[in-house]
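Colleague: I'm passing along start_36.txt; it holds compact mmCIF, C-alpha atoms.
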# COMPACT_ATOMS: atom_id res chain seq x y z
CA MET A 7 -43.15 -21.63 50.91
CA LYS A 8 -41.59 -18.16 50.91
CA LEU A 9 -38.25 -19.62 52.01
CA ASN A 10 -38.32 -22.21 49.23
CA ARG A 11 -39.19 -19.49 46.71
CA ARG A 12 -36.25 -17.35 47.88
CA ILE A 13 -33.93 -20.33 47.58
CA ALA A 14 -35.19 -21.01 44.06
CA ILE A 15 -34.73 -17.37 43.03
CA ALA A 16 -31.19 -17.33 44.48
CA ALA A 17 -30.34 -20.57 42.71
CA ALA A 18 -31.65 -19.17 39.43
CA ALA A 19 -29.56 -16.02 39.89
CA ILE A 20 -26.44 -18.07 40.56
CA ALA A 21 -27.13 -20.19 37.49
CA MET A 22 -27.54 -17.06 35.35
CA MET A 23 -24.26 -15.66 36.68
CA ALA A 24 -22.49 -18.95 35.97
CA GLY A 25 -23.94 -19.00 32.47
CA ALA A 26 -22.74 -15.46 31.82
CA SER A 27 -19.28 -16.38 33.08
CA THR A 28 -19.19 -19.45 30.86
CA ALA A 29 -20.20 -17.37 27.84
CA ALA A 30 -17.43 -14.88 28.55
CA MET A 31 -14.90 -17.69 28.69
CA ALA A 32 -16.18 -19.63 25.66
CA ASP A 33 -13.53 -21.47 23.65
CA ILE A 34 -12.07 -19.63 20.67
CA LYS A 35 -10.47 -22.09 18.31
CA PHE A 36 -7.20 -20.75 16.93
CA GLY A 37 -6.16 -22.61 13.78
CA VAL A 38 -2.41 -23.17 13.39
CA ALA A 39 -0.89 -24.84 10.34
CA ALA A 40 0.16 -28.38 11.21
CA GLU A 41 3.35 -27.93 9.18
CA PRO A 42 6.28 -26.54 11.25
CA TYR A 43 7.19 -22.92 10.61
CA ALA A 44 9.97 -22.07 13.04
CA PRO A 45 10.59 -19.73 14.77
CA TYR A 46 6.90 -18.78 14.64
CA SER A 47 5.19 -22.10 15.32
CA SER A 48 6.49 -25.65 15.63
CA LYS A 49 6.50 -28.54 18.08
CA ASP A 50 9.31 -29.19 20.52
CA ALA A 51 10.68 -32.65 21.34
CA SER A 52 7.79 -33.29 23.73
CA GLY A 53 5.16 -32.44 21.11
CA LYS A 54 4.27 -29.07 22.65
CA TRP A 55 3.61 -26.13 20.33
CA VAL A 56 6.20 -23.39 20.77
CA GLY A 57 7.31 -20.27 18.92
CA TRP A 58 6.93 -16.51 18.67
CA GLU A 59 3.40 -16.74 17.27
CA ILE A 60 2.33 -19.25 19.91
CA ASP A 61 3.57 -16.91 22.65
CA LEU A 62 1.66 -14.03 21.06
CA MET A 63 -1.49 -16.13 20.76
CA ASN A 64 -1.33 -16.93 24.47
CA ALA A 65 -0.78 -13.25 25.31
CA LEU A 66 -3.74 -12.21 23.14
CA CYS A 67 -6.04 -14.75 24.76
CA ALA A 68 -4.99 -13.61 28.22
CA GLN A 69 -5.57 -9.97 27.25
CA MET A 70 -9.02 -10.81 25.84
CA ASN A 71 -9.78 -12.91 28.95
CA GLU A 72 -10.83 -15.74 26.69
CA LYS A 73 -10.19 -19.47 26.79
CA CYS A 74 -8.48 -20.43 23.54
CA GLU A 75 -7.92 -23.81 21.96
CA LEU A 76 -5.11 -24.49 19.48
CA VAL A 77 -6.32 -26.58 16.54
CA GLU A 78 -3.89 -28.07 14.02
CA VAL A 79 -5.00 -27.69 10.40
CA ALA A 80 -3.20 -28.47 7.15
CA TRP A 81 -2.06 -25.19 5.61
CA ASP A 82 -3.79 -25.70 2.26
CA GLY A 83 -7.09 -26.35 4.05
CA ILE A 84 -6.91 -23.66 6.70
CA ILE A 85 -9.21 -21.11 5.00
CA PRO A 86 -11.92 -23.73 4.33
CA ALA A 87 -11.58 -24.78 7.99
CA LEU A 88 -12.33 -21.19 9.01
CA THR A 89 -15.26 -20.63 6.68
CA SER A 90 -16.82 -23.99 7.66
CA LYS A 91 -16.47 -23.02 11.36
CA GLN A 92 -14.08 -25.79 12.33
CA ILE A 93 -11.90 -22.98 13.71
CA ASP A 94 -12.63 -19.36 14.63
CA VAL A 95 -9.28 -17.70 13.92
CA ILE A 96 -6.39 -18.38 11.56
CA PHE A 97 -3.22 -17.59 13.49
CA SER A 98 -0.48 -18.98 11.31
CA SER A 99 1.65 -16.30 9.62
CA MET A 100 -1.02 -15.60 7.01
CA SER A 101 -0.37 -12.45 5.00
CA ILE A 102 -3.19 -9.95 4.59
CA THR A 103 -4.00 -9.75 0.88
CA ASP A 104 -6.85 -8.33 -1.17
CA GLU A 105 -7.35 -11.73 -2.79
CA ARG A 106 -7.83 -13.48 0.56
CA LYS A 107 -10.12 -10.67 1.76
CA LYS A 108 -12.61 -11.71 -0.89
CA THR A 109 -13.23 -14.82 1.25
CA ILE A 110 -12.23 -13.92 4.82
CA ASP A 111 -11.38 -10.85 6.89
CA PHE A 112 -8.28 -10.00 8.92
CA SER A 113 -7.29 -8.32 12.14
CA ASP A 114 -4.77 -5.53 12.15
CA MET A 115 -1.21 -6.49 11.25
CA TYR A 116 0.72 -8.13 14.08
CA TYR A 117 4.00 -8.68 12.25
CA ASN A 118 5.68 -8.21 8.90
CA THR A 119 8.95 -9.32 7.28
CA PRO A 120 10.43 -9.20 3.77
CA SER A 121 10.38 -12.09 1.29
CA ASN A 122 13.83 -13.49 0.47
CA LEU A 123 15.52 -15.85 -1.95
CA ILE A 124 18.22 -18.31 -0.91
CA GLY A 125 20.23 -20.68 -3.10
CA GLN A 126 23.39 -22.72 -3.52
CA LYS A 127 26.67 -21.22 -2.31
CA ASP A 128 28.21 -19.74 -5.43
CA GLY A 129 28.39 -16.01 -4.71
CA ASP A 130 25.78 -15.19 -7.38
CA THR A 131 23.33 -12.65 -5.92
CA ASP A 132 21.52 -11.66 -9.11
CA ILE A 133 17.85 -12.40 -8.45
CA THR A 134 16.31 -10.60 -11.41
CA PRO A 135 13.60 -12.63 -13.18
CA ALA A 136 15.68 -12.76 -16.39
CA HIS A 137 18.63 -14.25 -14.49
CA LEU A 138 16.45 -17.02 -13.01
CA LYS A 139 15.16 -18.15 -16.42
CA GLY A 140 15.61 -21.92 -16.70
CA LYS A 141 16.22 -22.31 -12.95
CA VAL A 142 14.07 -24.28 -10.51
CA LEU A 143 12.56 -22.29 -7.64
CA GLY A 144 10.88 -23.95 -4.65
CA VAL A 145 8.03 -22.40 -2.64
CA GLN A 146 5.46 -23.55 -0.10
CA VAL A 147 2.09 -24.09 -1.75
CA SER A 148 -0.78 -21.60 -1.28
CA THR A 149 1.46 -18.83 0.05
CA THR A 150 2.05 -15.26 -1.05
CA HIS A 151 5.58 -16.37 -1.94
CA GLU A 152 4.18 -18.89 -4.42
CA ARG A 153 2.02 -16.23 -6.08
CA TYR A 154 4.94 -13.82 -6.26
CA ALA A 155 7.25 -16.49 -7.71
CA GLN A 156 4.70 -17.42 -10.36
CA LYS A 157 4.03 -13.77 -11.28
CA TYR A 158 7.65 -12.67 -11.63
CA PHE A 159 9.95 -15.69 -11.96
CA GLY A 160 7.61 -18.26 -13.50
CA ALA A 161 6.43 -15.78 -16.11
CA ALA A 162 10.09 -15.10 -17.01
CA GLY A 163 10.88 -18.77 -17.61
CA ALA A 164 11.79 -20.22 -14.22
CA GLU A 165 10.21 -23.50 -13.10
CA VAL A 166 8.25 -22.91 -9.88
CA LYS A 167 7.95 -26.09 -7.82
CA THR A 168 5.52 -26.21 -4.89
CA TYR A 169 5.84 -28.07 -1.57
CA SER A 170 3.43 -28.86 1.24
CA THR A 171 5.90 -27.58 3.85
CA GLN A 172 8.79 -25.16 3.94
CA ASP A 173 11.05 -27.88 5.34
CA GLU A 174 10.50 -30.01 2.22
CA ALA A 175 11.56 -27.14 -0.04
CA ASN A 176 14.62 -26.45 2.11
CA ASN A 177 15.60 -30.12 2.05
CA ASP A 178 15.39 -30.27 -1.73
CA LEU A 179 17.53 -27.15 -2.00
CA ALA A 180 20.14 -28.69 0.29
CA ALA A 181 20.07 -31.88 -1.81
CA GLY A 182 20.69 -29.91 -5.00
CA ARG A 183 17.28 -30.58 -6.52
CA LEU A 184 16.45 -26.86 -6.47
CA ASP A 185 18.37 -23.77 -7.46
CA TYR A 186 16.48 -21.34 -5.23
CA VAL A 187 13.86 -21.16 -2.50
CA GLN A 188 11.64 -18.15 -1.80
CA ALA A 189 10.01 -17.63 1.60
CA ASP A 190 9.74 -15.36 4.61
CA SER A 191 13.10 -13.89 5.58
CA THR A 192 13.10 -15.10 9.17
CA ALA A 193 12.10 -18.66 8.29
CA LEU A 194 14.92 -18.81 5.72
CA ASP A 195 17.36 -17.20 8.13
CA ALA A 196 16.68 -19.99 10.64
CA PHE A 197 17.43 -22.57 7.93
CA LEU A 198 20.65 -20.83 6.85
CA LYS A 199 21.86 -20.91 10.46
CA SER A 200 21.17 -24.64 10.78
CA ASP A 201 23.95 -27.18 10.15
CA GLN A 202 22.25 -28.23 6.92
CA GLY A 203 21.82 -24.67 5.71
CA LYS A 204 25.37 -23.61 6.57
CA GLN A 205 26.81 -26.35 4.39
CA CYS A 206 24.81 -25.74 1.24
CA CYS A 207 23.24 -22.40 0.94
CA GLU A 208 23.39 -18.63 1.16
CA LEU A 209 21.14 -15.58 1.06
CA LYS A 210 20.64 -14.29 -2.47
CA GLY A 211 18.57 -11.21 -1.69
CA THR A 212 15.20 -9.65 -0.89
CA VAL A 213 12.61 -9.52 -3.67
CA PRO A 214 11.16 -6.11 -4.62
CA GLU A 215 7.95 -5.26 -2.76
CA ASP A 216 4.55 -5.92 -4.33
CA ASP A 217 1.85 -5.32 -1.71
CA ALA A 218 -0.85 -6.57 -4.06
CA VAL A 219 0.81 -10.01 -4.03
CA LEU A 220 2.87 -10.19 -0.83
CA GLY A 221 0.22 -8.43 1.24
CA PHE A 222 0.27 -5.87 4.00
CA GLY A 223 1.78 -7.90 6.80
CA VAL A 224 0.47 -10.85 8.80
CA GLY A 225 -2.91 -10.73 10.53
CA ALA A 226 -5.35 -13.03 12.28
CA GLY A 227 -7.86 -14.43 9.80
CA VAL A 228 -11.53 -14.33 10.84
CA ARG A 229 -14.86 -14.92 9.14
CA GLN A 230 -16.23 -11.81 7.45
CA GLU A 231 -19.32 -11.80 9.66
CA ASP A 232 -17.35 -12.10 12.92
CA THR A 233 -16.89 -8.35 13.36
CA ALA A 234 -17.09 -8.46 17.17
CA LEU A 235 -14.28 -11.02 17.36
CA LYS A 236 -12.17 -9.01 14.93
CA GLU A 237 -12.64 -5.85 17.01
CA LYS A 238 -11.77 -7.74 20.19
CA ILE A 239 -8.55 -9.10 18.64
CA ASN A 240 -7.64 -5.64 17.32
CA ALA A 241 -8.16 -4.10 20.75
CA ALA A 242 -5.96 -6.80 22.30
CA ILE A 243 -3.21 -6.25 19.69
CA ALA A 244 -3.28 -2.51 20.39
CA GLU A 245 -3.13 -3.03 24.14
CA LEU A 246 -0.25 -5.53 23.91
CA ALA A 247 1.64 -3.02 21.76
CA LYS A 248 1.00 -0.33 24.35
CA GLN A 249 2.35 -2.66 27.04
CA LYS A 250 5.45 -3.41 24.89
CA LYS A 251 4.50 -7.07 24.97
CA PHE A 252 5.73 -7.63 21.39
CA THR A 253 9.22 -6.57 22.44
CA GLU A 254 9.00 -8.74 25.56
CA ILE A 255 8.14 -11.80 23.46
CA THR A 256 10.72 -11.09 20.74
CA VAL A 257 13.54 -10.93 23.30
CA ASN A 258 13.22 -14.72 23.52
CA TYR A 259 13.87 -15.05 19.77
CA PRO A 260 17.23 -13.43 18.93
CA GLU A 261 16.89 -14.40 15.27
CA LEU A 262 13.88 -12.08 14.98
CA GLN A 263 15.39 -9.03 16.66
CA GLY A 264 16.04 -6.18 14.29
CA ILE A 265 14.11 -7.94 11.50
CA LEU A 266 10.54 -8.18 12.72
CA VAL A 267 8.17 -5.25 12.15
CA THR A 268 5.39 -5.22 14.77
CA PRO A 269 2.70 -2.74 15.85
CA GLU A 270 5.28 -1.35 18.29
CA ASN A 271 7.88 -0.37 15.69
CA LYS A 272 6.04 -0.11 12.36
CA PRO A 273 6.93 3.02 10.33
Kindly return the structure encoded in the file as structure tokens.

Modeller:
Amino acid sequence: MKLNRRIAIAAAAIAMMAGASTAAMADIKFGVAAEPYAPYSSKDASGKWVGWEIDLMNALCAQMNEKCELVEVAWDGIIPALTSKQIDVIFSSMSITDERKKTIDFSDMYYNTPSNLIGQKDGDTDITPAHLKGKVLGVQVSTTHERYAQKYFGAAGAEVKTYSTQDEANNDLAAGRLDYVQADSTALDAFLKSDQGKQCCELKGTVPEDDAVLGFGVGAGVRQEDTALKEKINAAIAELAKQKKFTEITVNYPELQGILVTPENKP
């Protein structure tokens, strides 16, 4: 009887240890916009997710010692997916803004870049709102770039046209259906270096900063009540910066070098 009792106690202890281990390695669902956003996140020819942000996500999960699952979500539904607990983290180049913080919370900034305008090749680099009056400007819907374009260019008389994906806006610009496109500088730089972009378009300039609209850099979106997860992500970001992991990842993306502001090189 004593032997059986000892066996039962040992089995219970092993089960408790296994349960604790499972809890420590519970899945964290990282929501990534289904729309491609190279060089940060997109699918390669085999359908595998690749990009700077995907590499960082994997590094963060390894640093946190957590098992993470990538979940594709349409960009315009990504915040509702978080608040309804379909995902646990938004990790998709989402800018930290006061408006979004009314609904969700954010980790510390993990990258930042300026917002640029590109347009047809004509040598005209005047991007003042008055100069864009009567022009058609394309932006991806539900982005800080859309809000900025509406506030400054739309209010001055430009037509602001929204698109589900950045690629759709770029394609319409190349086809001559748009005069300008506004978006993140690195995403537009990748387009300008493509065969399509080289033929049609050029950089027009960087829009003046407005932190209230464009935000304070990109962070991981979390539910407001998930303070422990936020703190764990922040600790992992800080540790990766200490290890120079951001630089190690960025080396694989030459188009981002010298442009990207990260926790390692922020002013």

Colleague: Using all atoms listed in the file, can you tell me which of A:Gln172, A:Ser52, A:Gln126, A:Asn64 comes closest to A:Ala39?

Modeller: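 Using all atoms listed in the file, A:Ala39 sits closest to A:Gln172.
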
Colleague: Considering all atoms listed in the file, state which residue in the set A:Ala180, A:Val228, A:Ala244, A:Val77 is at the smallest distance from A:Ser200.

Modeller: A:Ala180

Colleague: Could you pull out every residue with an atom within 10 Å of (14.0, -15.3, 4.9), file coordinates, counting all atoms listed in the file, and send them as a PDB file with C-alpha atoms, in the frame of the given file?

Modeller:
ATOM      1  CA  THR A 119       8.950  -9.320   7.280  1.00  0.00           C
ATOM      2  CA  PRO A 120      10.430  -9.200   3.770  1.00  0.00           C
ATOM      3  CA  SER A 121      10.380 -12.090   1.290  1.00  0.00           C
ATOM      4  CA  ASN A 122      13.830 -13.490   0.470  1.00  0.00           C
ATOM      5  CA  LEU A 123      15.520 -15.850  -1.950  1.00  0.00           C
ATOM      6  CA  ILE A 124      18.220 -18.310  -0.910  1.00  0.00           C
ATOM      7  CA  VAL A 187      13.860 -21.160  -2.500  1.00  0.00           C
ATOM      8  CA  GLN A 188      11.640 -18.150  -1.800  1.00  0.00           C
ATOM      9  CA  ALA A 189      10.010 -17.630   1.600  1.00  0.00           C
ATOM     10  CA  ASP A 190       9.740 -15.360   4.610  1.00  0.00           C
ATOM     11  CA  SER A 191      13.100 -13.890   5.580  1.00  0.00           C
ATOM     12  CA  THR A 192      13.100 -15.100   9.170  1.00  0.00           C
ATOM     13  CA  ALA A 193      12.100 -18.660   8.290  1.00  0.00           C
ATOM     14  CA  LEU A 194      14.920 -18.810   5.720  1.00  0.00           C
ATOM     15  CA  ASP A 195      17.360 -17.200   8.130  1.00  0.00           C
ATOM     16  CA  ALA A 196      16.680 -19.990  10.640  1.00  0.00           C
ATOM     17  CA  PHE A 197      17.430 -22.570   7.930  1.00  0.00           C
ATOM     18  CA  LEU A 198      20.650 -20.830   6.850  1.00  0.00           C
ATOM     19  CA  LEU A 209      21.140 -15.580   1.060  1.00  0.00           C
ATOM     20  CA  LYS A 210      20.640 -14.290  -2.470  1.00  0.00           C
ATOM     21  CA  GLY A 211      18.570 -11.210  -1.690  1.00  0.00           C
ATOM     22  CA  THR A 212      15.200  -9.650  -0.890  1.00  0.00           C
ATOM     23  CA  ILE A 265      14.110  -7.940  11.500  1.00  0.00           C
TER      24      ILE A 265
END

Colleague: Name all residues at most 12 Å from A:Thr253 (count only C-alpha atoms; drop same-chain ones fewer than 5 positions away) and give them as a list in words.

Modeller: Trp58, Asp61, Leu62, Tyr117, Leu246, Ala247, Lys248, Asn258, Tyr259, Pro260, Leu262, Gln263, Gly264, Leu266, Val267, Thr268, Pro269, Glu270 and Asn271 of chain A

Colleague: Taking only C-alpha atoms into account, which of A:Leu220, A:Ile110, A:Leu66, A:Ala162 comes nearest A:Phe252?

Modeller: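 For A:Phe252, the nearest of the given residues is A:Leu66.
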
Colleague: Please determine, counting only C-alpha atoms, which residue among A:Thr109, A:Asn71, A:Thr171, A:Gln156 has the shortest atom-to-atom distance to A:Ile34.

Modeller: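 Among A:Thr109, A:Asn71, A:Thr171, A:Gln156, it is A:Asn71 that comes nearest to A:Ile34.
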
Colleague: Using only C-alpha atoms, pick whichever of A:Ile93, A:Val257, A:Val219, A:Ile243 has the shortest atom-to-atom distance to A:Arg106.

Modeller: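 Between A:Ile93, A:Val257, A:Val219, A:Ile243, the residue approaching A:Arg106 most closely is A:Val219.
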
Colleague: What does the distance from atom CA of A:Ser47 to atom CA of A:Leu179 come to in Å, to one decimal?

Modeller: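 Going from atom CA of A:Ser47 over to atom CA of A:Leu179, I get 21.9 Å.
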
Colleague: Which one is closest to A:Gln69: A:Val95, A:Ala136, A:Ala44, A:Ala241? Count all atoms listed in the file.

Modeller: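 Using all atoms listed in the file, A:Gln69 sits closest to A:Ala241.
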
Colleague: Atom CA of A:Lys35 and atom CA of A:Gln92, how far apart in Å?

Modeller: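 Between atom CA of A:Gln92 and atom CA of A:Lys35 the gap is 7.9 Å.
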
Colleague: Interatomic distance between atom CA of A:Met115 and atom CA of A:Pro135?

Modeller: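 These atoms are spaced 29.2 Å apart.
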
Colleague: Taking 4 positions as the minimum chain separation for residues in the same chain, which residues sit within 12 Å of A:Asp185 when counting only C-alpha atoms? Answer as a PyMOL selection string.

Modeller: chain A and resi 123-128+130+133+137-145+164-167+175-181+206-208+210

Colleague: A:Met63: which residues within 9 Å, counting all atoms listed in the file, same-chain residues fewer than 6 positions away excluded, as a PyMOL selection string?

Modeller: chain A and resi 36+74+97

Colleague: Which residues come within 9 Å of A:Lys107, counting all atoms listed in the file, excluding same-chain residues fewer than 5 positions away, as a ChimeraX atom specification?

Modeller: /A:102,112,230

Colleague: Pull C-alpha atoms from the residues just selected and write them as a PDB file, keeping the file's coordinate frame.

Modeller:
ATOM      1  CA  ILE A 102      -3.190  -9.950   4.590  1.00  0.00           C
ATOM      2  CA  PHE A 112      -8.280 -10.000   8.920  1.00  0.00           C
ATOM      3  CA  GLN A 230     -16.230 -11.810   7.450  1.00  0.00           C
TER       4      GLN A 230
END

Colleague: Extract, using only C-alpha atoms, all DNA, RNA and protein residues at most 10 Å from A:Ser90, discarding same-chain residues fewer than 5 positions from it, and format them as a VMD selection string.

Modeller: chain A and resid 84 to 85 229
